[in-house]
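target38.tsv, holding TSV, C-alpha atoms:
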```
chain	number	residue	atom	x	y	z
A	9	MET	CA	-16.09	28.52	41.80
A	10	GLU	CA	-13.55	30.06	39.45
A	11	ILE	CA	-10.59	28.21	38.03
A	12	HIS	CA	-7.63	30.53	37.54
A	13	VAL	CA	-5.03	29.82	34.85
A	14	TYR	CA	-1.37	30.89	34.84
A	15	ASP	CA	1.64	30.21	32.63
A	16	ARG	CA	4.61	28.27	33.98
A	17	ASN	CA	6.21	31.51	35.19
A	18	LEU	CA	3.08	32.19	37.31
A	19	ARG	CA	1.81	35.02	35.12
A	20	ARG	CA	-1.99	35.14	35.09
A	21	LEU	CA	-3.65	34.25	31.78
A	22	GLY	CA	-7.33	34.28	32.71
A	23	HIS	CA	-10.03	32.18	34.38
A	24	ILE	CA	-12.65	29.55	33.58
A	25	GLU	CA	-16.12	29.68	35.13
A	26	ASN	CA	-18.13	27.32	32.99
A	27	HIS	CA	-16.54	23.98	33.87
A	28	THR	CA	-18.90	21.02	34.23
A	29	SER	CA	-16.72	18.84	36.47
A	30	LEU	CA	-13.52	19.08	38.47
A	31	GLN	CA	-11.92	16.32	40.53
A	32	TRP	CA	-9.16	17.76	42.68
A	33	HIS	CA	-7.35	14.78	44.22
A	34	ARG	CA	-5.12	15.81	47.13
A	35	LYS	CA	-2.54	13.38	48.55
A	36	TYR	CA	-0.52	13.59	51.77
A	37	TYR	CA	2.48	11.45	50.83
A	38	GLU	CA	2.40	11.81	47.06
A	39	CYS	CA	1.79	14.24	44.23
A	40	GLY	CA	-1.90	15.09	43.80
A	41	THR	CA	-3.80	14.93	40.51
A	42	PHE	CA	-6.77	16.62	38.85
A	43	GLU	CA	-9.27	16.07	36.04
A	44	LEU	CA	-11.21	18.97	34.54
A	45	HIS	CA	-14.15	18.96	32.10
A	46	CYS	CA	-15.41	22.15	30.46
A	47	PRO	CA	-17.05	23.26	27.19
A	48	VAL	CA	-14.99	23.60	24.03
A	49	THR	CA	-14.59	27.34	23.46
A	50	ALA	CA	-11.83	29.39	21.88
A	51	GLU	CA	-11.01	30.93	25.27
A	52	ASN	CA	-10.87	27.58	27.10
A	53	LEU	CA	-8.65	26.12	24.38
A	54	ARG	CA	-6.34	29.11	24.66
A	55	LEU	CA	-6.07	28.84	28.44
A	56	LEU	CA	-5.89	25.09	28.93
A	57	GLN	CA	-2.62	24.39	27.16
A	58	PRO	CA	-0.16	21.74	28.40
A	59	GLY	CA	2.35	23.25	30.80
A	60	ASN	CA	-0.02	25.93	32.10
A	61	ILE	CA	-0.92	26.01	35.79
A	62	ILE	CA	-4.40	26.07	37.35
A	63	THR	CA	-5.73	26.89	40.81
A	64	LYS	CA	-9.28	26.70	42.12
A	65	GLY	CA	-11.33	29.31	43.91
A	66	ASP	CA	-9.50	31.29	46.56
A	67	ASN	CA	-7.11	28.45	47.50
A	68	LYS	CA	-3.72	29.67	46.32
A	69	GLN	CA	-1.75	27.15	48.43
A	70	GLU	CA	-2.28	24.42	45.86
A	71	ALA	CA	-1.79	24.52	42.14
A	72	ALA	CA	-1.53	21.95	39.39
A	73	VAL	CA	0.18	21.61	36.02
A	74	ILE	CA	-1.68	20.48	32.89
A	75	ARG	CA	0.18	17.32	31.87
A	76	GLY	CA	-0.46	13.86	30.47
A	77	ASP	CA	-3.43	12.67	28.42
A	78	GLN	CA	-5.65	15.51	27.17
A	79	ALA	CA	-8.75	15.37	24.99
A	80	GLU	CA	-11.37	17.35	23.09
A	81	GLU	CA	-14.62	15.62	22.16
A	82	GLU	CA	-17.52	16.71	19.96
A	83	SER	CA	-20.74	14.77	19.26
A	84	THR	CA	-24.50	15.19	19.46
A	85	LEU	CA	-24.30	14.54	23.19
A	86	VAL	CA	-21.10	16.23	24.28
A	87	ASN	CA	-18.85	19.12	23.33
A	88	GLU	CA	-16.14	19.37	25.95
A	89	ILE	CA	-12.48	19.61	26.82
A	90	THR	CA	-10.90	17.15	29.22
A	91	ARG	CA	-7.71	18.21	30.95
A	92	ASN	CA	-5.60	16.17	33.36
A	93	GLY	CA	-2.52	16.96	35.34
A	94	PHE	CA	-0.56	16.88	38.56
A	95	PHE	CA	0.05	19.17	41.52
A	96	LEU	CA	3.27	21.23	41.48
A	97	PRO	CA	5.47	18.56	43.15
A	98	VAL	CA	5.36	16.82	39.75
A	99	TYR	CA	8.34	19.04	38.85
A	100	LEU	CA	10.38	16.99	41.35
A	101	GLY	CA	9.55	13.94	39.26
A	102	ASP	CA	11.50	15.52	36.39
A	103	ARG	CA	14.73	15.43	38.40
A	104	LEU	CA	17.24	12.80	39.53
A	105	THR	CA	19.23	12.83	42.75
A	106	GLY	CA	22.52	12.91	40.85
A	107	PRO	CA	25.74	10.91	41.41
A	108	GLN	CA	26.09	8.59	44.38
A	109	PHE	CA	25.81	10.16	47.82
A	110	ASN	CA	25.39	9.00	51.40
A	111	PHE	CA	23.02	10.68	53.81
A	112	ASN	CA	22.57	10.38	57.58
A	113	GLY	CA	20.18	12.82	59.26
A	114	THR	CA	16.54	13.79	59.52
A	115	VAL	CA	14.02	13.09	56.77
A	116	GLU	CA	13.34	16.79	56.23
A	117	ALA	CA	17.06	17.54	55.99
A	118	ALA	CA	17.35	14.74	53.41
A	119	MET	CA	14.65	16.36	51.28
A	120	HIS	CA	16.36	19.74	51.44
A	121	TYR	CA	19.73	18.18	50.65
A	122	MET	CA	18.38	16.48	47.52
A	123	ILE	CA	16.72	19.71	46.32
A	124	GLY	CA	20.04	21.48	46.78
A	125	ARG	CA	22.02	18.97	44.71
A	126	MET	CA	19.55	18.24	41.88
A	127	GLU	CA	19.28	20.28	38.68
A	128	GLN	CA	17.39	23.34	39.85
A	129	ILE	CA	13.73	23.97	39.07
A	130	PRO	CA	12.96	27.58	38.02
A	131	LEU	CA	11.28	29.71	40.72
A	132	LEU	CA	11.67	26.96	43.38
A	133	GLN	CA	12.88	27.81	46.88
A	134	ILE	CA	12.99	25.93	50.19
A	135	GLY	CA	10.55	26.94	52.93
A	136	ALA	CA	9.38	25.87	56.36
A	137	THR	CA	9.84	22.50	58.04
A	138	THR	CA	7.80	20.78	60.75
A	139	GLY	CA	10.81	20.20	62.99
A	140	ASP	CA	10.26	16.44	62.74
A	141	THR	CA	13.22	14.52	64.19
A	142	THR	CA	12.76	11.21	62.34
A	143	LYS	CA	16.22	10.11	61.20
A	144	VAL	CA	17.16	8.11	58.13
A	145	GLN	CA	20.38	6.78	56.64
A	146	PHE	CA	20.64	5.76	53.01
A	147	GLN	CA	22.72	5.78	49.85
A	148	ALA	CA	21.32	6.84	46.47
A	149	THR	CA	22.55	7.15	42.89
A	150	TYR	CA	20.49	8.86	40.20
A	151	LYS	CA	17.10	8.13	41.80
A	152	ASN	CA	13.88	9.93	40.90
A	153	VAL	CA	13.51	12.77	43.42
A	154	LEU	CA	9.70	12.67	43.67
A	155	GLU	CA	9.65	8.92	44.23
A	156	TYR	CA	12.28	9.25	46.93
A	157	PHE	CA	10.35	12.06	48.61
A	158	THR	CA	7.25	9.85	48.70
A	159	LYS	CA	9.24	7.11	50.37
A	160	LEU	CA	10.74	9.51	52.91
A	161	ALA	CA	7.36	11.13	53.64
A	162	LYS	CA	5.81	7.75	54.45
A	163	PHE	CA	8.81	6.87	56.60
A	164	ALA	CA	8.33	9.98	58.78
A	165	GLU	CA	4.53	10.34	58.29
A	166	ILE	CA	4.84	13.92	57.06
A	167	GLY	CA	3.31	15.60	54.02
A	168	PHE	CA	5.03	17.78	51.45
A	169	ARG	CA	3.85	20.34	48.89
A	170	ILE	CA	5.02	23.15	46.64
A	171	VAL	CA	3.19	26.41	47.34
A	172	PRO	CA	3.06	29.08	44.62
A	173	ASP	CA	3.23	32.80	45.31
A	174	PHE	CA	1.70	34.48	42.27
A	175	LYS	CA	2.69	37.97	43.39
A	176	LYS	CA	6.34	37.21	44.10
A	177	LYS	CA	6.54	34.66	41.25
A	178	THR	CA	8.07	31.98	43.46
A	179	MET	CA	7.30	28.36	44.35
A	180	THR	CA	8.17	27.18	47.86
A	181	PHE	CA	8.78	23.59	48.89
A	182	GLU	CA	7.55	22.89	52.41
A	183	THR	CA	6.70	19.98	54.66
A	184	TYR	CA	3.72	19.82	57.02
A	185	LYS	CA	2.01	17.55	59.54
A	186	GLY	CA	-1.64	16.74	60.08
A	187	VAL	CA	-3.35	17.43	63.40
A	188	ASP	CA	-4.44	14.75	65.87
A	189	ARG	CA	-8.24	15.07	66.05
A	190	THR	CA	-9.02	11.60	67.39
A	191	GLN	CA	-11.62	10.83	70.02
A	192	ALA	CA	-9.06	9.82	72.65
A	193	GLN	CA	-7.08	13.10	72.73
A	194	GLY	CA	-8.24	16.29	74.43
A	195	GLU	CA	-5.98	18.99	73.01
A	196	ASN	CA	-7.75	19.57	69.67
A	197	PRO	CA	-11.44	19.46	68.67
A	198	ARG	CA	-12.40	15.84	67.97
A	199	VAL	CA	-13.53	14.66	64.54
A	200	ILE	CA	-15.43	11.39	64.18
A	201	PHE	CA	-16.69	9.78	60.98
A	202	SER	CA	-19.48	7.25	61.52
A	203	GLU	CA	-23.05	6.35	60.56
A	204	SER	CA	-24.36	8.06	63.69
A	205	TYR	CA	-22.76	11.33	62.55
A	206	ASP	CA	-24.22	10.81	59.07
A	207	ASN	CA	-20.86	11.57	57.46
A	208	LEU	CA	-19.64	8.13	56.38
A	209	ASN	CA	-21.53	7.27	53.19
A	210	GLN	CA	-20.81	4.55	50.63
A	211	ALA	CA	-17.95	3.27	52.78
A	212	LYS	CA	-15.41	0.79	51.45
A	213	HIS	CA	-13.06	-1.08	53.77
A	214	ASN	CA	-9.73	-2.37	52.41
A	215	TYR	CA	-7.40	-4.59	54.40
A	216	SER	CA	-4.18	-6.50	53.78
A	217	ASP	CA	-2.61	-8.85	56.32
A	218	ALA	CA	0.79	-9.18	54.64
A	219	THR	CA	3.69	-9.34	57.13
A	220	TYR	CA	7.28	-9.97	56.12
A	221	LYS	CA	10.67	-10.90	57.47
A	222	VAL	CA	13.17	-9.30	55.07
A	223	ILE	CA	16.66	-10.71	54.66
A	224	VAL	CA	18.82	-8.03	53.02
A	225	GLY	CA	21.94	-9.23	51.22
A	226	GLY	CA	24.82	-6.81	50.95
A	227	ALA	CA	28.46	-7.03	49.87
A	228	GLY	CA	30.40	-10.28	49.55
A	229	ASP	CA	29.72	-13.76	48.21
A	230	GLY	CA	28.77	-17.11	49.69
A	231	LEU	CA	29.35	-17.48	53.41
A	232	ALA	CA	31.31	-14.21	53.42
A	233	ARG	CA	28.33	-12.16	52.27
A	234	ILE	CA	26.90	-9.60	54.70
A	235	PHE	CA	23.23	-10.05	55.68
A	236	VAL	CA	20.85	-8.13	57.94
A	237	THR	CA	17.29	-8.99	58.92
A	238	VAL	CA	14.37	-6.60	59.30
A	239	GLY	CA	10.80	-7.42	60.31
A	240	GLY	CA	9.58	-10.66	61.79
A	241	GLY	CA	6.86	-13.22	62.20
A	242	SER	CA	6.66	-16.86	63.20
A	243	GLY	CA	4.73	-19.99	62.38
A	244	PHE	CA	1.97	-19.47	59.83
A	245	ASP	CA	2.54	-15.71	60.01
A	246	LEU	CA	6.18	-15.92	58.86
A	247	ARG	CA	6.71	-14.73	55.27
A	248	GLU	CA	10.37	-14.47	54.36
A	249	VAL	CA	11.62	-12.28	51.50
A	250	PHE	CA	15.16	-11.82	50.18
A	251	LEU	CA	16.25	-8.37	49.05
A	252	ASP	CA	19.45	-7.87	47.05
A	253	ALA	CA	21.23	-4.66	48.11
A	254	LYS	CA	24.63	-5.11	46.47
A	255	ASP	CA	24.14	-1.72	44.80
A	256	ILE	CA	24.92	0.00	48.13
A	257	ASN	CA	28.62	0.92	47.99
A	258	LYS	CA	30.31	-0.42	51.12
A	259	GLU	CA	33.60	1.38	50.47
A	260	ALA	CA	31.96	4.78	50.95
A	261	LEU	CA	30.70	3.92	54.46
A	262	THR	CA	31.96	2.77	57.83
A	263	ASP	CA	30.94	-0.74	58.90
A	264	ALA	CA	28.25	0.65	61.21
A	265	GLU	CA	26.92	3.02	58.55
A	266	TYR	CA	26.83	0.21	56.00
A	267	LEU	CA	24.78	-2.07	58.25
A	268	GLU	CA	22.40	0.80	58.96
A	269	ALA	CA	22.01	1.48	55.22
A	270	LEU	CA	21.14	-2.21	54.66
A	271	LYS	CA	18.56	-2.03	57.45
A	272	THR	CA	17.07	1.12	55.92
A	273	ARG	CA	16.70	-0.70	52.58
A	274	GLY	CA	14.84	-3.50	54.34
A	275	GLN	CA	12.64	-1.03	56.20
A	276	GLU	CA	11.78	0.66	52.91
A	277	PHE	CA	10.46	-2.67	51.64
A	278	LEU	CA	8.40	-3.15	54.80
A	279	ASN	CA	6.94	0.34	54.50
A	280	GLU	CA	5.80	-0.38	50.95
A	281	ASN	CA	4.44	-3.84	51.77
A	282	LYS	CA	3.21	-3.50	55.34
A	283	ILE	CA	-0.11	-4.44	56.86
A	284	PHE	CA	-2.46	-1.73	55.75
A	285	GLU	CA	-6.05	-0.89	56.47
A	286	ASN	CA	-8.10	1.94	55.12
A	287	PHE	CA	-11.58	3.31	54.62
A	288	GLU	CA	-12.75	5.11	51.53
A	289	ALA	CA	-16.03	6.95	51.95
A	290	GLU	CA	-18.06	9.77	50.49
A	291	ALA	CA	-18.56	12.62	52.94
A	292	GLU	CA	-20.63	15.77	52.77
A	293	ALA	CA	-18.23	18.69	53.10
A	294	ASP	CA	-20.26	20.45	55.80
A	295	VAL	CA	-22.23	17.74	57.68
A	296	ASN	CA	-21.33	17.84	61.42
A	297	PHE	CA	-17.71	18.70	60.58
A	298	THR	CA	-16.69	21.27	57.99
A	299	TYR	CA	-13.98	20.21	55.56
A	300	GLY	CA	-11.08	22.66	55.56
A	301	LYS	CA	-12.04	24.02	58.96
A	302	ASP	CA	-12.61	21.08	61.31
A	303	TYR	CA	-10.43	18.60	59.41
A	304	ASP	CA	-8.05	18.58	56.45
A	305	LEU	CA	-5.59	16.42	54.57
A	306	GLY	CA	-3.10	14.70	56.89
A	307	ASP	CA	-5.21	14.96	60.06
A	308	VAL	CA	-5.73	11.87	62.20
A	309	VAL	CA	-9.42	11.24	62.95
A	310	THR	CA	-11.59	8.53	64.48
A	311	VAL	CA	-13.51	6.31	62.05
A	312	LYS	CA	-16.33	4.08	63.30
A	313	LYS	CA	-18.34	1.53	61.36
A	314	LYS	CA	-20.76	-0.20	63.72
A	315	LYS	CA	-22.02	-2.68	61.15
A	316	TRP	CA	-18.47	-3.92	60.63
A	317	ASN	CA	-17.66	-3.79	64.35
A	318	THR	CA	-14.65	-1.52	63.88
A	319	ALA	CA	-13.44	1.76	65.32
A	320	GLN	CA	-9.99	3.11	64.50
A	321	ASN	CA	-7.85	6.23	64.55
A	322	LEU	CA	-6.67	6.78	60.98
A	323	ARG	CA	-4.84	9.50	59.09
A	324	ILE	CA	-6.57	11.18	56.13
A	325	THR	CA	-4.01	10.30	53.48
A	326	GLU	CA	-6.03	11.35	50.43
A	327	LEU	CA	-8.92	13.75	49.80
A	328	CYS	CA	-10.68	14.04	46.46
A	329	GLU	CA	-12.75	17.20	46.07
A	330	VAL	CA	-15.49	16.71	43.47
A	331	TYR	CA	-17.21	19.74	41.93
A	332	GLU	CA	-20.21	18.90	39.75
A	333	TYR	CA	-23.58	20.43	38.90
A	334	GLY	CA	-22.94	23.47	41.07
A	335	GLY	CA	-22.26	21.35	44.19
A	336	MET	CA	-19.26	19.93	45.96
A	337	TYR	CA	-18.53	16.82	48.01
A	338	VAL	CA	-15.34	15.16	49.24
A	339	VAL	CA	-14.14	11.57	49.17
A	340	PRO	CA	-11.54	11.04	51.91
A	341	THR	CA	-9.29	8.01	52.24
A	342	PHE	CA	-8.62	7.15	55.87
A	343	GLY	CA	-5.44	5.17	56.51
A	344	ASP	CA	-2.90	3.89	54.05
A	345	ALA	CA	-3.76	4.07	50.39
A	346	LEU	CA	-3.57	0.82	48.46
A	347	PRO	CA	0.12	-0.12	48.38
A	348	THR	CA	2.18	0.38	45.26
A	349	THR	CA	5.57	-1.23	44.75
A	350	ILE	CA	8.49	1.02	43.92
A	351	LYS	CA	11.81	-0.66	43.15
A	352	TRP	CA	14.24	1.65	44.88
A	353	ASP	CA	17.26	-0.47	43.95
A	354	GLU	CA	16.86	-0.01	40.18
```
Exercise: express the given structure as C-alpha cells:
Amino acid sequence: MEIHVYDRNLRRLGHIENHTSLQWHRKYYECGTFELHCPVTAENLRLLQPGNIITKGDNKQEAAVIRGDQAEEESTLVNEITRNGFFLPVYLGDRLTGPQFNFNGTVEAAMHYMIGRMEQIPLLQIGATTGDTTKVQFQATYKNVLEYFTKLAKFAEIGFRIVPDFKKKTMTFETYKGVDRTQAQGENPRVIFSESYDNLNQAKHNYSDATYKVIVGGAGDGLARIFVTVGGGSGFDLREVFLDAKDINKEALTDAEYLEALKTRGQEFLNENKIFENFEAEAEADVNFTYGKDYDLGDVVTVKKKKWNTAQNLRITELCEVYEYGGMYVVPTFGDALPTTIKWDE
C-alpha cells in the first residue's frame, strides 16, 4: 500500500512505500487521527514535514495533516521516523464561531452557518448534506468550531468529513449517515459480529450506568431566577446535577426561544454524560463480511457475545485500520466511545 504525500495546497510531493506501521483511526463524530512509522531516509524526511497532507492507497476521500508530536529515533535496534496527525477536519479546530449568535434550525444547517461566518479556510467549500431534519436551538460566542461540530454530530447521529479533490485543488465539507445493517431489518444486507461468525476477537465490553436529572439555571437571581429541568430518574437512580447557563443572553431571544436554549444546554450535558455501552474488538477485514464493502464507519450492525449473554444493535463509531508486516486488520468500536467532557459554557 502506497502512502501519497501532498503539500497543504494539495500539490503532490511524492509517495512512501517502505513504511513499517500505519494506524489510520477513523471516527464518525470526531476528527480522526493517524500514526505512521517508516525508515529514516532523506526522501522520507523531505516528504513528512509538519503541515503536509497524506493519503493511503487508492482512498482519496480521506486525508490527514501531519501535526503534533513528531519523532526521529536511531539506535542499534531501530532507525525510524514517527509521524502523527489528524484528518482534515482538524482545520475546523483552528477556528472560532465568532461573536455571539443565535441559531434555530437543523443540525446540518447549523454546521453550514458556522462555516460561513468563521474565518475562512483556504480551499474549503460546502458540499452535500444527508437531508437530516434534526433541529437544534442554541446560542454561541467564540466557541471552537470543531468541538461544536462534534457536539452537533452526536446530537443528530450524523458523521462529518472534509474530502479533498487533488485535481481541482479543493476540500469539501460534507455530512453523511451510516447504513442500518442490523439483523432485524430487511432492506440492506445484514452484518453480524459474533463468535459464531469468527469476526469478534479480543472483545472488550465497556458500560456506564450514569443517568442524570439536569437543573439548568438561567437569568435572574434567587427566587426570580429562571430554571429548566432536563432528564430524569427517581429513587436510587436519581442523580441531580446543576448547570449554570447565565452566559446565554436572554435579551437576544424571545421567552420561548430562551427556554429552548436552556433546554438545549441541558441536553448537551446529557449527551456527553449519558448511559453508554460499547464493544471494542479486533476483526479480520475480510472474514465473513468485507470491511469497506459490507460495512463501514457509521453503519449500525448487530453485535452478539454469547458468553456475556448480550446481543445489541450498535453503530460503528470508530474504526482503526492497522497496517503492519504487509498485512492489515481493523479494530472497530461498536456503540458510543468512552465519554469525554467538553465544557461548552467556557
- Residues at most 12 Å from A:Leu96, counting all atoms listed in the file, excluding those fewer than 6 positions away in the same chain, as a PyMOL selection string? chain A and resi 16+18+34+38-42+59-63+68-75+102+129+131-132+154+168-172+178-182
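Each of A:Lys313, A:Lys301, A:Lys151, A:Arg247 was compared to A:Gln210 using all atoms listed in the file, and A:Lys313 turns out to be the nearest.
Between atom CA of A:Ala117 and atom CA of A:Asp252 there is a distance of 27.0 Å.
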- Pick out the closest residue to A:Glu127 from this set: A:Asn152, A:Gly22, A:Lys143, A:Phe111. Count all atoms listed in the file. A:Asn152
- Message: If we count all atoms listed in the file and set the cut-off at 9 Å, which residues sit around A:Gln78, ignoring sequence neighbours fewer than 4 positions away in its own chain? Please answer as a list in words.
- Response: Pro58, Ile74, Ile89, Thr90, Arg91, Asn92 and Gly93 of chain A
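Proximity to A:Tyr299 was assessed for A:Gly113, A:Gly335, A:Pro340, A:Gly274 counting all atoms listed in the file; the smallest distance is recorded for A:Pro340.
One finds atom CA of A:Ile123 at 13.5 Å from atom CA of A:Pro107.
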- Task: Give the answer as one residue: which of A:Ser202, A:Thr262, A:Gln128, A:Thr325 has the shortest atom-to-atom distance to A:Val153, using only C-alpha atoms?
- Result: A:Gln128
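Across the structure, atom CA of A:Phe250 and atom CA of A:Val224 are spaced 6.0 Å apart.
The smallest atom-to-atom distance between A:Arg198 and any of A:Val308, A:Met9, A:Ala79, A:Leu53, using all atoms listed in the file, is found for A:Val308.
Take the candidates A:His120, A:His23, A:His33, A:Lys159 and check each one against A:Gln275 using all atoms listed in the file; the shortest distance goes to A:Lys159.
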- Task: Please tell me which residues are no farther than 10 Å from (8.1, 6.1, 51.2) in the file, counting all atoms listed in the file, and write them as a list in words.
- Result: Tyr37, Glu38, Glu155, Tyr156, Phe157, Thr158, Lys159, Leu160, Ala161, Lys162, Phe163, Ala164, Glu165, Gln275, Glu276, Phe277, Leu278, Asn279, Glu280, Ile350 and Trp352 of chain A
For A:Pro197, please output as a PDB file with C-alpha atoms, keeping the file's coordinate frame all residues within 8 Å (counting all atoms listed in the file; exclusion window: fewer than 3 positions along the same chain).
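What landed in part-v8.pdb:
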```pdb
ATOM      1  CA  ARG A 189      -8.240  15.070  66.050  1.00  0.00           C
ATOM      2  CA  GLY A 194      -8.240  16.290  74.430  1.00  0.00           C
ATOM      3  CA  ASP A 302     -12.610  21.080  61.310  1.00  0.00           C
TER       4      ASP A 302
END
```
- Message: Give me the residues near A:Asp304 as a list of chain:residue names, where near means some atom within 9 Å (using all atoms listed in the file) and where sequence neighbours in that chain fewer than 6 positions away do not count.
- Response: A:Gly186, A:Val187, A:Ile324, A:Leu327
Could you write out that same residue set with C-alpha atoms as a CSV table (one decimal), in the coordinates of the input?
```csv
chain,number,residue,atom,x,y,z
A,186,GLY,CA,-1.6,16.7,60.1
A,187,VAL,CA,-3.4,17.4,63.4
A,324,ILE,CA,-6.6,11.2,56.1
A,327,LEU,CA,-8.9,13.8,49.8
```
